[in-house]
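Participant: So here's work.tsv, just TSV, C-alpha atoms:
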chain	number	residue	atom	x	y	z
U	1	MET	CA	105.37	77.69	165.31
U	2	SER	CA	106.97	78.07	161.87
U	3	GLU	CA	108.37	81.43	160.77
U	4	LEU	CA	107.80	82.99	157.38
U	5	LYS	CA	110.82	84.79	156.00
U	6	MET	CA	110.08	87.60	153.55
U	7	PRO	CA	112.60	89.46	151.39
U	8	ILE	CA	113.08	93.20	151.72
U	9	ILE	CA	112.68	94.78	148.28
U	10	GLY	CA	113.59	98.35	149.24
U	11	TYR	CA	113.77	101.01	151.93
U	12	MET	CA	111.64	104.11	152.41
U	13	LYS	CA	113.45	107.45	152.27
U	14	SER	CA	111.22	110.02	153.97
U	15	PRO	CA	111.47	113.24	156.00
U	16	TYR	CA	110.09	111.44	159.07
U	17	ARG	CA	113.27	110.81	161.04
U	18	GLU	CA	111.61	109.67	164.27
U	19	LYS	CA	108.33	108.09	165.32
U	20	PHE	CA	107.05	111.29	166.98
U	21	GLY	CA	105.23	113.41	164.42
U	22	ILE	CA	104.42	110.72	161.85
U	23	PRO	CA	100.73	110.95	160.83
U	24	ARG	CA	98.74	108.11	162.36
U	25	GLN	CA	97.30	107.16	158.97
U	26	PRO	CA	98.50	107.53	155.36
U	27	ASN	CA	97.36	110.37	153.08
U	28	LEU	CA	96.66	112.84	155.89
U	29	VAL	CA	99.71	114.86	154.81
U	30	GLN	CA	100.87	115.26	151.21
U	31	VAL	CA	104.54	114.62	151.94
U	32	GLU	CA	106.66	113.26	149.10
U	33	SER	CA	109.06	110.39	149.74
U	34	TYR	CA	110.56	107.56	147.76
U	35	ILE	CA	111.42	103.87	147.99
U	36	GLU	CA	115.02	103.00	147.19
U	37	MET	CA	114.83	99.54	145.61
U	38	VAL	CA	117.55	97.00	146.34
U	39	GLU	CA	118.99	94.25	144.14
U	40	PRO	CA	117.63	92.26	142.37
U	41	TYR	CA	114.38	94.25	142.63
U	42	ASN	CA	115.90	97.49	141.24
U	43	ASP	CA	114.91	96.53	137.71
U	44	LEU	CA	112.69	98.90	135.71
U	45	LEU	CA	111.12	95.90	133.97
U	46	ALA	CA	109.45	95.01	137.28
U	47	PHE	CA	107.52	98.31	137.11
U	48	GLU	CA	106.34	98.14	133.51
U	49	GLY	CA	102.66	99.19	133.48
U	50	ILE	CA	102.66	100.68	136.98
U	51	ASP	CA	102.18	104.23	135.63
U	52	ASP	CA	98.62	103.24	134.71
U	53	PHE	CA	97.77	103.23	138.44
U	54	SER	CA	97.37	106.38	140.54
U	55	HIS	CA	97.83	104.68	143.93
U	56	LEU	CA	99.75	101.77	145.41
U	57	TRP	CA	99.55	99.49	148.40
U	58	LEU	CA	102.81	99.30	150.36
U	59	ILE	CA	103.43	96.32	152.60
U	60	TRP	CA	106.17	97.12	155.07
U	61	GLN	CA	107.84	96.12	158.32
U	62	PHE	CA	107.67	97.86	161.70
U	63	HIS	CA	111.39	97.93	162.42
U	64	GLU	CA	111.84	100.45	165.26
U	65	ASN	CA	109.68	98.86	167.99
U	66	LYS	CA	112.19	99.17	170.80
U	67	ASN	CA	109.79	97.76	173.41
U	68	ALA	CA	108.21	95.08	171.23
U	69	ASP	CA	108.76	91.43	172.16
U	70	SER	CA	107.70	89.11	169.35
U	71	THR	CA	107.58	86.16	171.77
U	72	LYS	CA	104.81	87.73	173.85
U	73	PHE	CA	101.37	88.17	172.33
U	74	ARG	CA	99.51	91.29	173.49
U	75	PRO	CA	95.79	90.68	172.87
U	76	GLN	CA	94.87	94.26	173.76
U	77	VAL	CA	96.48	97.66	173.11
U	78	ARG	CA	95.69	101.33	173.77
U	79	PRO	CA	95.03	103.20	170.49
U	80	PRO	CA	96.16	106.86	170.45
U	81	ARG	CA	92.84	107.82	168.84
U	82	LEU	CA	91.08	106.75	172.06
U	83	GLY	CA	93.37	108.85	174.23
U	84	GLY	CA	95.76	106.05	175.08
U	85	ASN	CA	93.62	105.09	178.05
U	86	GLN	CA	91.12	102.57	176.65
U	87	LYS	CA	92.16	99.04	175.76
U	88	ILE	CA	90.72	97.21	172.77
U	89	GLY	CA	91.68	94.10	170.81
U	90	VAL	CA	94.87	94.35	168.81
U	91	PHE	CA	93.10	93.07	165.68
U	92	ALA	CA	90.67	96.00	165.95
U	93	THR	CA	93.57	98.47	165.67
U	94	ARG	CA	96.53	99.33	163.47
U	95	SER	CA	98.91	99.21	166.43
U	96	MET	CA	102.57	98.47	165.73
U	97	TYR	CA	102.56	95.86	168.51
U	98	ARG	CA	101.23	92.93	166.49
U	99	PRO	CA	101.90	89.19	166.16
U	100	SER	CA	103.53	89.96	162.80
U	101	PRO	CA	105.27	93.37	162.61
U	102	MET	CA	103.79	94.25	159.22
U	103	GLY	CA	102.06	97.42	158.09
U	104	LEU	CA	99.87	98.31	155.12
U	105	SER	CA	99.55	101.79	153.57
U	106	VAL	CA	97.91	103.28	150.49
U	107	VAL	CA	99.99	105.99	148.82
U	108	GLN	CA	99.76	108.06	145.65
U	109	LEU	CA	102.24	107.13	142.94
U	110	LYS	CA	104.29	110.00	141.51
U	111	GLY	CA	106.56	107.95	139.30
U	112	VAL	CA	109.39	105.46	139.00
U	113	LYS	CA	112.80	106.81	138.06
U	114	LYS	CA	116.27	105.45	137.54
U	115	VAL	CA	118.81	107.61	139.36
U	116	GLY	CA	122.32	106.42	138.59
U	117	LYS	CA	122.30	102.72	139.42
U	118	SER	CA	119.29	103.14	141.71
U	119	VAL	CA	115.60	102.69	140.97
U	120	ARG	CA	113.32	104.90	143.03
U	121	VAL	CA	109.57	104.74	143.45
U	122	TYR	CA	108.32	108.24	144.29
U	123	VAL	CA	105.09	108.43	146.32
U	124	VAL	CA	102.99	110.99	148.18
U	125	GLY	CA	101.09	110.52	151.44
U	126	SER	CA	103.30	107.92	153.10
U	127	ASP	CA	103.16	107.49	156.89
U	128	LEU	CA	106.47	105.61	157.06
U	129	LEU	CA	109.58	106.31	159.08
U	130	ASP	CA	112.78	106.96	157.15
U	131	GLY	CA	114.51	103.61	156.62
U	132	THR	CA	111.36	101.47	156.83
U	133	PRO	CA	111.88	98.13	155.04
U	134	ILE	CA	109.42	97.59	152.17
U	135	LEU	CA	108.24	94.00	151.69
U	136	ASP	CA	106.01	94.40	148.65
U	137	ILE	CA	104.29	96.89	146.32
U	138	LYS	CA	100.87	96.22	144.79
U	139	PRO	CA	98.58	98.39	142.64
U	140	TYR	CA	95.49	99.88	144.28
U	141	ILE	CA	92.33	98.77	142.45
U	142	GLN	CA	89.63	101.43	142.83
U	143	TYR	CA	86.52	99.35	142.07
U	144	SER	CA	87.38	96.61	144.56
U	145	ASP	CA	89.63	98.27	147.16
U	146	ALA	CA	87.45	101.36	147.77
U	147	VAL	CA	84.38	100.56	149.90
U	148	MET	CA	82.38	103.78	149.92
U	149	ASP	CA	79.90	102.82	152.67
U	150	ALA	CA	82.45	101.20	154.99
U	151	GLN	CA	82.27	101.84	158.75
U	152	SER	CA	85.50	102.66	160.58
U	153	GLY	CA	84.59	102.32	164.25
U	154	TYR	CA	86.39	104.81	166.47
U	155	ALA	CA	88.30	106.25	163.44
U	156	GLN	CA	85.33	107.19	161.25
U	157	ASP	CA	86.24	110.89	160.94
U	158	GLU	CA	89.49	112.58	159.98
U	159	PRO	CA	91.28	114.25	162.92
U	160	VAL	CA	90.57	117.94	163.50
U	161	ARG	CA	93.48	120.10	162.36
U	162	LYS	CA	94.96	123.02	164.27
U	163	GLN	CA	96.22	126.31	162.84
U	164	VAL	CA	100.02	126.50	162.69
U	165	ILE	CA	101.65	129.81	163.58
U	166	TRP	CA	105.29	130.90	163.86
U	167	SER	CA	106.90	132.91	166.63
U	168	GLU	CA	108.94	135.95	165.57
U	169	ALA	CA	112.18	134.10	166.37
U	170	ALA	CA	111.12	131.06	164.36
U	171	GLU	CA	110.10	133.26	161.41
U	172	LEU	CA	113.60	134.77	161.34
U	173	GLN	CA	115.24	131.36	161.59
U	174	LYS	CA	113.03	130.04	158.78
U	175	ALA	CA	113.94	132.98	156.53
U	176	GLN	CA	117.65	132.49	157.24
U	177	LEU	CA	117.49	128.76	156.50
U	178	ILE	CA	115.59	129.37	153.25
U	179	GLY	CA	118.10	132.07	152.27
U	180	MET	CA	121.02	129.69	152.85
U	181	GLY	CA	119.33	126.96	150.84
U	182	SER	CA	119.14	124.69	153.89
U	183	LEU	CA	115.34	124.71	153.90
U	184	GLY	CA	112.88	124.64	151.01
U	185	MET	CA	109.36	126.03	150.92
U	186	GLN	CA	108.03	122.55	150.14
U	187	THR	CA	109.51	121.27	153.41
U	188	VAL	CA	107.99	124.23	155.27
U	189	LEU	CA	104.52	123.46	153.88
U	190	GLU	CA	104.87	119.75	154.66
U	191	LEU	CA	106.04	120.52	158.19
U	192	GLN	CA	103.02	122.75	158.79
U	193	GLU	CA	100.70	120.00	157.54
U	194	VAL	CA	102.30	117.46	159.86
U	195	LEU	CA	102.09	119.74	162.90
U	196	SER	CA	98.48	120.71	162.16
U	197	LEU	CA	97.47	117.14	163.05
U	198	ASP	CA	98.82	117.64	166.61
U	199	PRO	CA	101.48	114.92	166.95
U	200	ARG	CA	101.25	114.72	170.75
U	201	PRO	CA	100.02	111.60	172.53
U	202	ALA	CA	96.28	112.15	173.10
U	203	TYR	CA	96.64	112.08	176.89
U	204	GLN	CA	98.98	115.11	176.99
U	205	HIS	CA	97.28	118.51	177.38
U	206	ASP	CA	99.96	120.80	178.87
U	207	GLU	CA	99.99	124.08	176.88
U	208	GLU	CA	103.27	125.13	178.52
U	209	ARG	CA	105.18	122.03	177.48
U	210	VAL	CA	107.68	122.49	174.64
U	211	TYR	CA	107.90	119.58	172.20
U	212	GLY	CA	110.71	118.75	169.83
U	213	MET	CA	110.56	116.92	166.50
U	214	LEU	CA	112.98	116.00	163.72
U	215	PHE	CA	111.57	116.49	160.24
U	216	GLY	CA	113.39	116.58	156.92
U	217	GLY	CA	116.74	117.40	158.50
U	218	CYS	CA	115.27	120.16	160.71
U	219	ASN	CA	114.94	120.23	164.48
U	220	VAL	CA	111.62	121.90	165.36
U	221	ARG	CA	110.44	123.03	168.81
U	222	PHE	CA	106.80	123.96	169.34
U	223	LYS	CA	103.92	124.36	171.78
U	224	VAL	CA	100.40	123.01	171.39
U	225	LEU	CA	97.65	125.48	172.29
U	226	GLU	CA	93.91	124.88	172.34
U	227	LEU	CA	93.36	125.76	168.67
U	228	GLN	CA	96.90	126.39	167.41
U	229	ILE	CA	100.38	124.92	167.10
U	230	LYS	CA	103.03	127.56	167.76
U	231	ILE	CA	106.48	126.93	166.26
U	232	LEU	CA	109.08	128.40	168.60
U	233	GLU	CA	112.33	127.40	166.94
U	234	ILE	CA	113.60	125.71	163.77
U	235	THR	CA	117.26	124.81	163.27
Would you put the structure from the file into structure tokens?
Facilitator:
Amino acid sequence: MSELKMPIIGYMKSPYREKFGIPRQPNLVQVESYIEMVEPYNDLLAFEGIDDFSHLWLIWQFHENKNADSTKFRPQVRPPRLGGNQKIGVFATRSMYRPSPMGLSVVQLKGVKKVGKSVRVYVVGSDLLDGTPILDIKPYIQYSDAVMDAQSGYAQDEPVRKQVIWSEAAELQKAQLIGMGSLGMQTVLELQEVLSLDPRPAYQHDEERVYGMLFGGCNVRFKVLELQIKILEIT
């Protein structure tokens, strides 16, 4: 079988520092991130006209699949949306364990800027891990790419969100971090959005379990209750 080699045009810089906590689909959380373009693709001429588009398609590479073996084809996987217990065909999912480790996401374009010698593409709504290799960028075409009456199988409806609350200790830590300039209110709001989607695997239901997550340089510990996410600690 022949292999197709594709160039990496840039790398995503995002607050998602680990797989746990990343939204399972793009545009569920309005988190801002940017693509750091690499040579020779860090040329502003390559982006002339892109500001006329509100959204972009990102084609990217799954690069942190520690247990993935590209030599072994897995015809069925267990989607998190189905509780991680039901197997369905890999081509009926967006699982990372695919014949070709490529992903596709729609994001909102904020702008393209030159920062020193770097060219950065700022986007909102990405579901990509920090450091994800970007293979291509294409404009989103509303009249052809948006199918208003499409059916989405087991993922027809957006996930139910939980209320996010802070413990007294976490409130104090948050205030201290904001006061020191180590934490911004934008990061706080983004964190709350991410947690509201309940990042746990669907098969875990222990309300006493304490979870940990890295987000935007912060280490967050929290519990998941029936209707709420309770932040216990932020450092």
Participant: Please determine, counting all atoms listed in the file, which residue among U:Gln76, U:Ser105, U:Asn219, U:Gln151 has the shortest atom-to-atom distance to Glu18 in chain U.
Facilitator: U:Asn219
Participant: Could you please give me, as a count of residues only, the residues of protein, DNA or RNA lying at most 9 Å from (109.5, 121.3, 162.7) in the coordinate frame of the file, considering all atoms listed in the file?
Facilitator: 19
Participant: Taking every listed atom of range 44-53 of chain U and adding 5 Å to each side, what centre and edge lengths in Å (one decimal) does the axis-aligned box have, as AutoDock Vina command-line options?
Facilitator:
--center_x 105.2 --center_y 99.6 --center_z 136.0 --size_x 24.9 --size_y 19.2 --size_z 15.0
Participant: CA of Pro101 in chain U and CA of Tyr122 in chain U, how far apart in Å?
Facilitator: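 Distance between the two atoms: 23.8 Å.
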Participant: What is the distance, in Å and to one decimal place, between CA of Lys162 in chain U and CA of Asp198 in chain U?
Facilitator: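 If I compute the distance from CA of Lys162 in chain U to CA of Asp198 in chain U, I get 7.0 Å.
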Participant: Using all atoms listed in the file, can you tell me which of U:Ala46, U:Met6, U:Val31, U:Val90 comes closest to Gln186 in chain U?
Facilitator: U:Val31
Participant: Just how far from CA of Leu129 in chain U is CA of Arg17 in chain U, in Å to one decimal?
Facilitator: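 Separation of CA of Arg17 in chain U and CA of Leu129 in chain U: 6.1 Å.
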Participant: Name all residues at most 10 Å from Gly131 in chain U (count all atoms listed in the file; drop same-chain ones fewer than 4 positions away) and give them as a list in words.
Facilitator: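 These residues fall inside the cut-off: Gly10, Tyr11, Met12, Lys13, Ser14, Tyr16, Arg17, Ile35, Glu36, His63 and Glu64 of chain U.
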Participant: Restricted to C-alpha atoms, what would the selected residues look like written as a PDB file, in the coordinates of the input?
Facilitator:
ATOM      1  CA  GLY U  10     113.590  98.350 149.240  1.00  0.00           C
ATOM      2  CA  TYR U  11     113.770 101.010 151.930  1.00  0.00           C
ATOM      3  CA  MET U  12     111.640 104.110 152.410  1.00  0.00           C
ATOM      4  CA  LYS U  13     113.450 107.450 152.270  1.00  0.00           C
ATOM      5  CA  SER U  14     111.220 110.020 153.970  1.00  0.00           C
ATOM      6  CA  TYR U  16     110.090 111.440 159.070  1.00  0.00           C
ATOM      7  CA  ARG U  17     113.270 110.810 161.040  1.00  0.00           C
ATOM      8  CA  ILE U  35     111.420 103.870 147.990  1.00  0.00           C
ATOM      9  CA  GLU U  36     115.020 103.000 147.190  1.00  0.00           C
ATOM     10  CA  HIS U  63     111.390  97.930 162.420  1.00  0.00           C
ATOM     11  CA  GLU U  64     111.840 100.450 165.260  1.00  0.00           C
TER      12      GLU U  64
END
Participant: Looking at U:Asn85, U:Val77, U:Leu177, U:Asp52, which one is nearest to Arg98 in chain U, with distances taken over only C-alpha atoms?
Facilitator: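 Among the listed residues, the smallest separation from Arg98 in chain U belongs to U:Val77.
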